[in-house]
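The structure file query-v2.cif is reproduced below (mmCIF, C-alpha atoms).
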data_protein
loop_
_atom_site.label_atom_id
_atom_site.label_comp_id
_atom_site.auth_asym_id
_atom_site.auth_seq_id
_atom_site.Cartn_x
_atom_site.Cartn_y
_atom_site.Cartn_z
CA MET A 1 -54.18 -61.99 24.66
CA MET A 2 -50.57 -60.98 24.01
CA ALA A 3 -50.36 -63.20 20.96
CA GLU A 4 -53.50 -61.65 19.44
CA ARG A 5 -52.35 -58.09 20.08
CA ALA A 6 -48.88 -58.85 18.83
CA ILE A 7 -50.30 -60.48 15.70
CA ASP A 8 -52.49 -57.41 15.09
CA TYR A 9 -49.52 -55.07 15.27
CA LEU A 10 -47.31 -57.36 13.23
CA ARG A 11 -49.96 -57.32 10.49
CA THR A 12 -51.16 -53.68 10.53
CA PRO A 13 -51.07 -52.25 7.01
CA GLY A 14 -48.00 -50.05 6.90
CA ALA A 15 -46.42 -52.04 9.70
CA LEU A 16 -42.82 -52.84 9.03
CA LEU A 17 -43.38 -56.53 8.52
CA GLN A 18 -45.24 -57.99 5.60
CA LEU A 19 -46.41 -61.09 7.43
CA ASN A 20 -49.56 -63.04 6.71
CA LEU A 21 -51.66 -64.35 9.60
CA PRO A 22 -49.94 -67.74 10.07
CA GLU A 23 -46.49 -66.11 9.81
CA ALA A 24 -47.39 -63.44 12.39
CA ALA A 25 -48.67 -66.20 14.68
CA LEU A 26 -45.39 -68.13 14.32
CA LEU A 27 -43.42 -65.00 15.24
CA ALA A 28 -45.74 -64.18 18.17
CA ALA A 29 -45.25 -67.75 19.45
CA GLN A 30 -41.56 -66.94 19.99
CA MET A 31 -42.37 -63.76 21.93
CA HIS A 32 -43.02 -63.29 25.65
CA LEU A 33 -45.21 -60.72 27.41
CA LEU A 34 -43.54 -58.02 29.50
CA ALA A 35 -45.28 -55.41 31.67
CA PHE A 36 -43.50 -52.26 32.89
CA PRO A 37 -44.84 -49.65 35.38
CA ALA A 38 -44.67 -45.92 34.56
CA GLY A 39 -41.11 -44.65 34.86
CA ALA A 40 -39.52 -48.06 34.36
CA VAL A 41 -36.34 -48.09 32.29
CA LEU A 42 -36.83 -50.66 29.51
CA PHE A 43 -33.30 -50.20 28.17
CA ARG A 44 -30.46 -48.16 29.64
CA GLU A 45 -27.94 -46.43 27.33
CA GLY A 46 -24.56 -48.16 27.46
CA ASP A 47 -25.98 -51.37 28.96
CA ASN A 48 -25.11 -54.66 27.46
CA ASP A 49 -28.01 -56.46 29.07
CA SER A 50 -28.28 -60.19 29.05
CA PRO A 51 -30.46 -61.90 28.02
CA THR A 52 -30.94 -59.41 25.21
CA HIS A 53 -34.36 -58.83 23.67
CA MET A 54 -36.13 -56.40 21.39
CA LEU A 55 -39.64 -55.21 22.21
CA LEU A 56 -42.81 -54.74 20.19
CA LEU A 57 -44.86 -52.14 22.11
CA LEU A 58 -48.45 -53.31 22.64
CA GLU A 59 -49.74 -50.63 25.03
CA GLY A 60 -48.44 -47.33 26.40
CA SER A 61 -45.67 -44.98 25.27
CA VAL A 62 -41.92 -44.96 25.67
CA SER A 63 -39.54 -42.00 25.60
CA VAL A 64 -36.22 -42.60 23.84
CA ASP A 65 -33.29 -40.44 24.92
CA THR A 66 -29.52 -40.33 24.93
CA SER A 67 -26.96 -38.44 26.96
CA GLY A 68 -24.24 -39.16 24.43
CA SER A 69 -20.64 -39.80 25.30
CA GLY A 70 -20.06 -36.26 26.52
CA ALA A 71 -21.26 -34.62 29.71
CA VAL A 72 -24.03 -32.68 27.96
CA ASP A 73 -27.64 -32.94 29.01
CA THR A 74 -29.85 -35.81 28.07
CA VAL A 75 -31.32 -35.34 24.58
CA ALA A 76 -34.82 -36.67 23.93
CA ILE A 77 -34.88 -38.43 20.58
CA SER A 78 -38.51 -39.44 20.25
CA VAL A 79 -41.63 -40.84 21.85
CA LEU A 80 -42.83 -44.19 20.53
CA GLY A 81 -46.22 -45.85 20.94
CA ALA A 82 -47.99 -49.14 20.35
CA GLY A 83 -46.83 -50.96 17.22
CA SER A 84 -43.26 -49.65 17.51
CA ILE A 85 -40.27 -51.95 17.78
CA ILE A 86 -37.37 -50.93 20.03
CA GLY A 87 -34.07 -52.52 20.98
CA GLU A 88 -33.41 -54.41 17.75
CA MET A 89 -29.86 -53.08 17.30
CA THR A 90 -28.47 -54.72 20.44
CA LEU A 91 -30.45 -57.89 19.67
CA LEU A 92 -28.53 -58.07 16.40
CA ASP A 93 -25.01 -56.92 17.24
CA GLY A 94 -24.85 -57.40 21.01
CA ALA A 95 -23.22 -53.97 21.41
CA PRO A 96 -24.24 -51.63 24.27
CA ARG A 97 -27.63 -49.91 24.02
CA SER A 98 -27.35 -46.67 22.02
CA ALA A 99 -30.17 -44.93 23.90
CA SER A 100 -32.33 -45.26 27.00
CA CYS A 101 -36.02 -46.14 26.77
CA THR A 102 -38.31 -45.14 29.64
CA ALA A 103 -41.99 -46.01 30.09
CA ILE A 104 -44.05 -42.80 30.11
CA GLY A 105 -47.06 -44.64 31.53
CA PRO A 106 -47.67 -48.35 32.13
CA VAL A 107 -46.31 -50.29 29.16
CA LEU A 108 -47.12 -53.74 27.77
CA ALA A 109 -44.71 -55.22 25.27
CA ALA A 110 -43.99 -58.46 23.45
CA GLY A 111 -40.32 -59.37 23.71
CA LEU A 112 -38.25 -61.39 21.25
CA SER A 113 -35.02 -62.69 22.79
CA ARG A 114 -31.85 -63.69 20.98
CA LYS A 115 -32.83 -67.29 21.73
CA GLY A 116 -36.29 -66.71 20.25
CA LEU A 117 -34.76 -65.17 17.13
CA GLU A 118 -32.40 -68.13 16.77
CA ALA A 119 -35.27 -70.58 17.17
CA LEU A 120 -37.18 -68.67 14.50
CA LEU A 121 -34.18 -68.68 12.14
CA ASP A 122 -33.86 -72.40 12.67
CA GLU A 123 -37.48 -73.51 12.61
CA GLN A 124 -39.23 -70.84 10.53
CA PRO A 125 -36.56 -69.31 8.29
CA ARG A 126 -39.14 -67.72 5.98
CA VAL A 127 -40.73 -65.80 8.87
CA ALA A 128 -37.29 -64.92 10.21
CA ALA A 129 -36.26 -63.63 6.78
CA LYS A 130 -39.37 -61.43 6.55
CA LEU A 131 -38.77 -60.12 10.07
CA MET A 132 -35.18 -59.27 9.16
CA VAL A 133 -36.20 -57.59 5.88
CA GLY A 134 -38.63 -55.46 7.91
CA LEU A 135 -36.04 -54.53 10.53
CA ALA A 136 -33.35 -53.85 7.92
CA THR A 137 -35.71 -51.66 5.86
CA ARG A 138 -36.57 -49.65 8.96
CA MET A 139 -32.87 -49.23 9.75
CA ALA A 140 -32.22 -48.08 6.16
CA ASP A 141 -34.85 -45.35 6.69
CA ARG A 142 -33.18 -44.27 9.92
CA LEU A 143 -29.75 -44.24 8.26
CA ARG A 144 -31.11 -41.89 5.61
CA ALA A 145 -32.66 -39.61 8.25
CA LEU A 146 -29.45 -39.54 10.33
CA GLY A 147 -27.39 -38.81 7.21
CA GLU A 148 -29.55 -35.73 6.54
CA GLN A 149 -29.27 -34.66 10.18
CA ILE A 150 -25.46 -34.87 10.01
CA GLN A 151 -25.42 -32.69 6.90
CA PHE A 152 -27.62 -30.16 8.71
CA TYR A 153 -25.31 -29.99 11.74
CA ALA A 154 -22.17 -29.93 9.57
CA ARG A 155 -23.56 -26.94 7.65
CA LEU A 156 -24.60 -25.26 10.91
CA ALA A 157 -21.09 -25.66 12.33
CA ALA A 158 -19.56 -24.29 9.09
CA ASP A 159 -21.93 -21.27 9.14
CA LYS A 160 -21.03 -20.51 12.74
CA GLN A 161 -17.31 -20.83 11.94
CA ARG A 162 -17.70 -18.18 9.23
CA GLU A 163 -19.52 -15.93 11.70
CA ILE A 164 -16.66 -16.38 14.19
CA GLU A 165 -14.13 -15.43 11.52
CA ARG A 166 -16.18 -12.36 10.59
CA LEU A 167 -16.55 -11.28 14.24
CA SER A 168 -12.89 -11.80 15.07
CA GLY A 169 -11.93 -9.86 11.95
CA SER A 170 -9.75 -12.62 10.54
CA MET B 1 -14.94 -67.41 -11.49
CA MET B 2 -17.37 -64.85 -10.12
CA ALA B 3 -19.18 -67.46 -8.06
CA GLU B 4 -15.92 -68.66 -6.48
CA ARG B 5 -14.73 -65.14 -5.67
CA ALA B 6 -18.15 -64.17 -4.35
CA ILE B 7 -18.29 -67.31 -2.22
CA ASP B 8 -14.84 -66.52 -0.81
CA TYR B 9 -15.87 -63.03 0.22
CA LEU B 10 -19.22 -64.19 1.55
CA ARG B 11 -17.38 -66.67 3.77
CA THR B 12 -14.31 -64.66 4.90
CA PRO B 13 -13.98 -64.85 8.68
CA GLY B 14 -15.21 -61.51 9.94
CA ALA B 15 -17.33 -61.05 6.83
CA LEU B 16 -20.78 -59.82 7.61
CA LEU B 17 -22.50 -63.04 6.68
CA GLN B 18 -22.18 -66.25 8.62
CA LEU B 19 -22.78 -68.53 5.68
CA ASN B 20 -21.43 -72.03 5.27
CA LEU B 21 -20.13 -73.14 1.88
CA PRO B 22 -23.41 -74.49 0.43
CA GLU B 23 -25.30 -71.41 1.66
CA ALA B 24 -22.73 -69.02 0.13
CA ALA B 25 -23.02 -70.96 -3.15
CA LEU B 26 -26.83 -70.64 -3.09
CA LEU B 27 -26.52 -66.88 -2.60
CA ALA B 28 -23.83 -66.53 -5.29
CA ALA B 29 -26.10 -68.42 -7.69
CA GLN B 30 -28.57 -65.51 -7.47
CA MET B 31 -25.86 -62.93 -8.21
CA HIS B 32 -24.62 -61.65 -11.58
CA LEU B 33 -21.16 -60.36 -12.54
CA LEU B 34 -20.72 -56.66 -13.32
CA ALA B 35 -17.55 -54.95 -14.59
CA PHE B 36 -17.03 -51.17 -14.39
CA PRO B 37 -14.17 -49.13 -15.91
CA ALA B 38 -12.26 -46.57 -13.81
CA GLY B 39 -14.38 -43.49 -13.19
CA ALA B 40 -17.70 -45.28 -13.77
CA VAL B 41 -20.54 -44.22 -11.48
CA LEU B 42 -21.94 -47.40 -9.87
CA PHE B 43 -24.70 -45.50 -8.06
CA ARG B 44 -25.64 -41.84 -8.34
CA GLU B 45 -26.96 -39.96 -5.29
CA GLY B 46 -30.69 -39.25 -5.63
CA ASP B 47 -31.20 -41.88 -8.33
CA ASN B 48 -33.97 -44.36 -8.01
CA ASP B 49 -32.46 -46.77 -10.49
CA SER B 50 -34.38 -49.66 -11.85
CA PRO B 51 -33.73 -52.53 -11.77
CA THR B 52 -32.24 -52.02 -8.34
CA HIS B 53 -29.33 -54.09 -7.11
CA MET B 54 -26.77 -54.16 -4.34
CA LEU B 55 -23.13 -54.98 -5.09
CA LEU B 56 -20.53 -57.17 -3.43
CA LEU B 57 -17.15 -55.75 -4.53
CA LEU B 58 -14.84 -58.48 -5.86
CA GLU B 59 -11.97 -56.41 -7.26
CA GLY B 60 -10.98 -52.74 -7.18
CA SER B 61 -12.01 -49.81 -4.98
CA VAL B 62 -14.99 -47.51 -4.87
CA SER B 63 -15.24 -43.99 -3.49
CA VAL B 64 -18.47 -43.15 -1.67
CA ASP B 65 -19.47 -39.50 -1.53
CA THR B 66 -22.45 -37.25 -1.08
CA SER B 67 -23.17 -33.67 -1.99
CA GLY B 68 -26.08 -33.49 0.44
CA SER B 69 -29.26 -31.57 -0.15
CA GLY B 70 -27.52 -28.21 0.03
CA ALA B 71 -25.23 -26.59 -2.51
CA VAL B 72 -22.09 -27.34 -0.53
CA ASP B 73 -19.18 -29.26 -2.02
CA THR B 74 -19.19 -33.00 -2.41
CA VAL B 75 -18.16 -34.73 0.80
CA ALA B 76 -16.17 -37.96 0.53
CA ILE B 77 -17.55 -40.48 3.00
CA SER B 78 -15.23 -43.44 2.52
CA VAL B 79 -13.33 -45.68 0.16
CA LEU B 80 -14.42 -49.32 0.05
CA GLY B 81 -12.59 -52.32 -1.34
CA ALA B 82 -13.11 -55.97 -2.17
CA GLY B 83 -15.47 -57.78 0.19
CA SER B 84 -17.57 -54.65 0.83
CA ILE B 85 -21.28 -54.54 0.11
CA ILE B 86 -22.78 -51.31 -1.27
CA GLY B 87 -26.26 -50.27 -2.32
CA GLU B 88 -28.26 -52.42 0.06
CA MET B 89 -30.44 -49.58 1.37
CA THR B 90 -32.13 -48.85 -1.96
CA LEU B 91 -32.42 -52.59 -2.61
CA LEU B 92 -34.49 -52.80 0.58
CA ASP B 93 -36.57 -49.63 0.65
CA GLY B 94 -36.52 -48.55 -3.01
CA ALA B 95 -35.82 -44.94 -1.95
CA PRO B 96 -33.32 -42.78 -3.89
CA ARG B 97 -29.61 -43.54 -3.43
CA SER B 98 -28.22 -41.71 -0.38
CA ALA B 99 -24.71 -41.37 -1.84
CA SER B 100 -22.78 -41.73 -5.08
CA CYS B 101 -20.32 -44.59 -5.63
CA THR B 102 -17.56 -44.14 -8.20
CA ALA B 103 -15.03 -46.73 -9.37
CA ILE B 104 -11.50 -45.54 -8.48
CA GLY B 105 -9.94 -48.10 -10.83
CA PRO B 106 -11.50 -50.97 -12.77
CA VAL B 107 -14.09 -52.69 -10.54
CA LEU B 108 -15.55 -56.18 -10.61
CA ALA B 109 -18.67 -56.80 -8.54
CA ALA B 110 -21.32 -59.44 -7.92
CA GLY B 111 -24.79 -57.90 -8.03
CA LEU B 112 -27.92 -59.07 -6.24
CA SER B 113 -31.10 -57.64 -7.76
CA ARG B 114 -34.47 -57.20 -6.06
CA LYS B 115 -35.65 -60.15 -8.15
CA GLY B 116 -32.68 -62.24 -6.99
CA LEU B 117 -33.42 -61.36 -3.37
CA GLU B 118 -37.06 -62.30 -3.82
CA ALA B 119 -36.09 -65.63 -5.41
CA LEU B 120 -33.76 -66.27 -2.49
CA LEU B 121 -36.48 -65.40 0.04
CA ASP B 122 -38.81 -67.77 -1.74
CA GLU B 123 -36.53 -70.69 -2.52
CA GLN B 124 -33.81 -70.48 0.15
CA PRO B 125 -35.38 -68.65 3.09
CA ARG B 126 -32.64 -69.79 5.49
CA VAL B 127 -29.91 -68.23 3.32
CA ALA B 128 -32.04 -65.11 2.81
CA ALA B 129 -32.54 -64.82 6.58
CA LYS B 130 -28.78 -65.07 7.21
CA LEU B 131 -28.11 -62.49 4.48
CA MET B 132 -30.64 -60.15 6.06
CA VAL B 133 -29.23 -60.67 9.58
CA GLY B 134 -25.80 -59.75 8.17
CA LEU B 135 -27.08 -56.64 6.38
CA ALA B 136 -29.16 -55.53 9.37
CA THR B 137 -26.25 -56.03 11.78
CA ARG B 138 -24.03 -53.93 9.54
CA MET B 139 -26.70 -51.22 9.40
CA ALA B 140 -26.98 -51.28 13.20
CA ASP B 141 -23.23 -50.60 13.38
CA ARG B 142 -23.57 -47.69 10.97
CA LEU B 143 -26.53 -46.28 12.92
CA ARG B 144 -24.38 -46.30 16.06
CA ALA B 145 -21.50 -44.58 14.23
CA LEU B 146 -23.80 -41.93 12.71
CA GLY B 147 -25.40 -41.31 16.11
CA GLU B 148 -21.97 -40.54 17.56
CA GLN B 149 -21.12 -38.31 14.60
CA ILE B 150 -24.32 -36.30 15.13
CA GLN B 151 -23.46 -35.79 18.79
CA PHE B 152 -20.01 -34.59 17.74
CA TYR B 153 -21.39 -32.05 15.27
CA ALA B 154 -24.11 -30.91 17.66
CA ARG B 155 -21.48 -30.23 20.33
CA LEU B 156 -19.26 -28.47 17.77
CA ALA B 157 -22.15 -26.19 16.72
CA ALA B 158 -22.93 -25.43 20.38
CA ASP B 159 -19.27 -24.61 21.11
CA LYS B 160 -19.09 -22.26 18.15
CA GLN B 161 -22.34 -20.59 19.20
CA ARG B 162 -20.81 -19.84 22.61
CA GLU B 163 -17.72 -18.42 20.89
CA ILE B 164 -19.97 -16.18 18.74
CA GLU B 165 -21.74 -14.92 21.86
CA ARG B 166 -18.42 -14.22 23.57
CA LEU B 167 -17.03 -12.38 20.52
CA SER B 168 -20.15 -10.31 20.01
CA GLY B 169 -20.18 -9.44 23.72
CA SER B 170 -23.73 -10.60 24.27
#
Starting from the file, lay out its structure as structure tokens.
Amino acid sequence: MMAERAIDYLRTPGALLQLNLPEAALLAAQMHLLAFPAGAVLFREGDNDSPTHMLLLLEGSVSVDTSGSGAVDTVAISVLGAGSIIGEMTLLDGAPRSASCTAIGPVLAAGLSRKGLEALLDEQPRVAAKLMVGLATRMADRLRALGEQIQFYARLAADKQREIERLSGS
Amino acid sequence: MMAERAIDYLRTPGALLQLNLPEAALLAAQMHLLAFPAGAVLFREGDNDSPTHMLLLLEGSVSVDTSGSGAVDTVAISVLGAGSIIGEMTLLDGAPRSASCTAIGPVLAAGLSRKGLEALLDEQPRVAAKLMVGLATRMADRLRALGEQIQFYARLAADKQREIERLSGS
């Protein structure tokens, strides 16, 4: 069941991975099924969990949020549904999770562990390469979006600074 | 010459790619040498150049800057030297360049085109997979750094907003 669902999502047109059916099946064979109840924390910000895995969501939704390094309130980043991949950054670099992911309702996911990725790199390098192209392309998109967000906030801060100078008569 | 220099940088301890000597040579074989005079624009923000390539810097330094979508001044992002890889985002997603790269002095670089990457994926999938793991890991690091920068600017804007409210007595 998991394999079929995972294969479907790995092959959806517009999905991040351009895998054909046998390639998607080879990737799914390295994945394991994980079920989470509503409210479960799939990843916790700052954690360096071991063994590390990334998740392909098969069923249910996940809220992604971060409290940042400061003491400010938790900031919701997004809500992700079936077909989304989460947790790939820590799978790659082993650094602490950059955000928390919480199951909004019951969630089913296919997990790929570091060991699974290494087996794939070793045994099916072509599938591994396509997986990595897909993940890297998605990260490039997010880098572009974050770059625009930074410019927005930098401009906002500069505008407010000018307003402060005007108000304080300096 | 180029192949040897490229291989050296591709294999430097701490370099982004964990390639052994034959693998680095296979990757270098898909690259082509490019020379730029001082002041040359290697990539121009917003361009969707074709054919697209990414560059491994072999000699000289490059300044990376962006003017953003607004009319504000150009913002220098960083200066990169030999061993750095630039331009990989557009190579992957084909979207317009997110920043401009300008040669500070004369620059020598090894370029990998989309066609070269596709040949590598086809003929040397193991090397392509390692290249992609290296690029994706580097992008994960940059996503983490940008995430922290956004939190910094968001806090700065919020602080300034409070100052405005205090000054305007509201």
If we count only C-alpha atoms and set the cut-off at 10 Å, which residues sit around region 149-162 of chain B, ignoring sequence neighbours fewer than 4 positions away in its own chain? Please answer as a PyMOL selection string.
(chain A and resi 66-70+72+75+146-147+149-164) or (chain B and resi 143-145+166-168+170)
Please write as an MDAnalysis selection string the list of polymer residues whose atoms come within 12 Å of (-19.6, -50.5, 2.3), counting only C-alpha atoms and keeping to the coordinates of the file.
chainID B and resid 15:16 54:57 61:65 77:89 99:101 135 138:139 141:142
Which residue out of B:Glu23, B:Ala28, B:Arg97, B:Gly60 has the minimum interatomic distance to Arg44 (chain B) when all atoms listed in the file are used?
B:Arg97
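Considering all atoms listed in the file, the residue among B:Ile104, B:Ala109, B:Ala95, B:Leu33 positioned nearest to chain A is B:Ala95.
Computed from the coordinates, the CA of Leu108 (chain A) to CA of Asp93 (chain B) distance equals 29.4 Å.
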Need to verify the contact set: Leu19 (chain A), 8 Å, only C-alpha atoms, exclusion of same-chain residues closer than 6 positions in sequence. Can you return it as a list in words?
Leu10, Arg11, Val127 and Lys130 of chain A
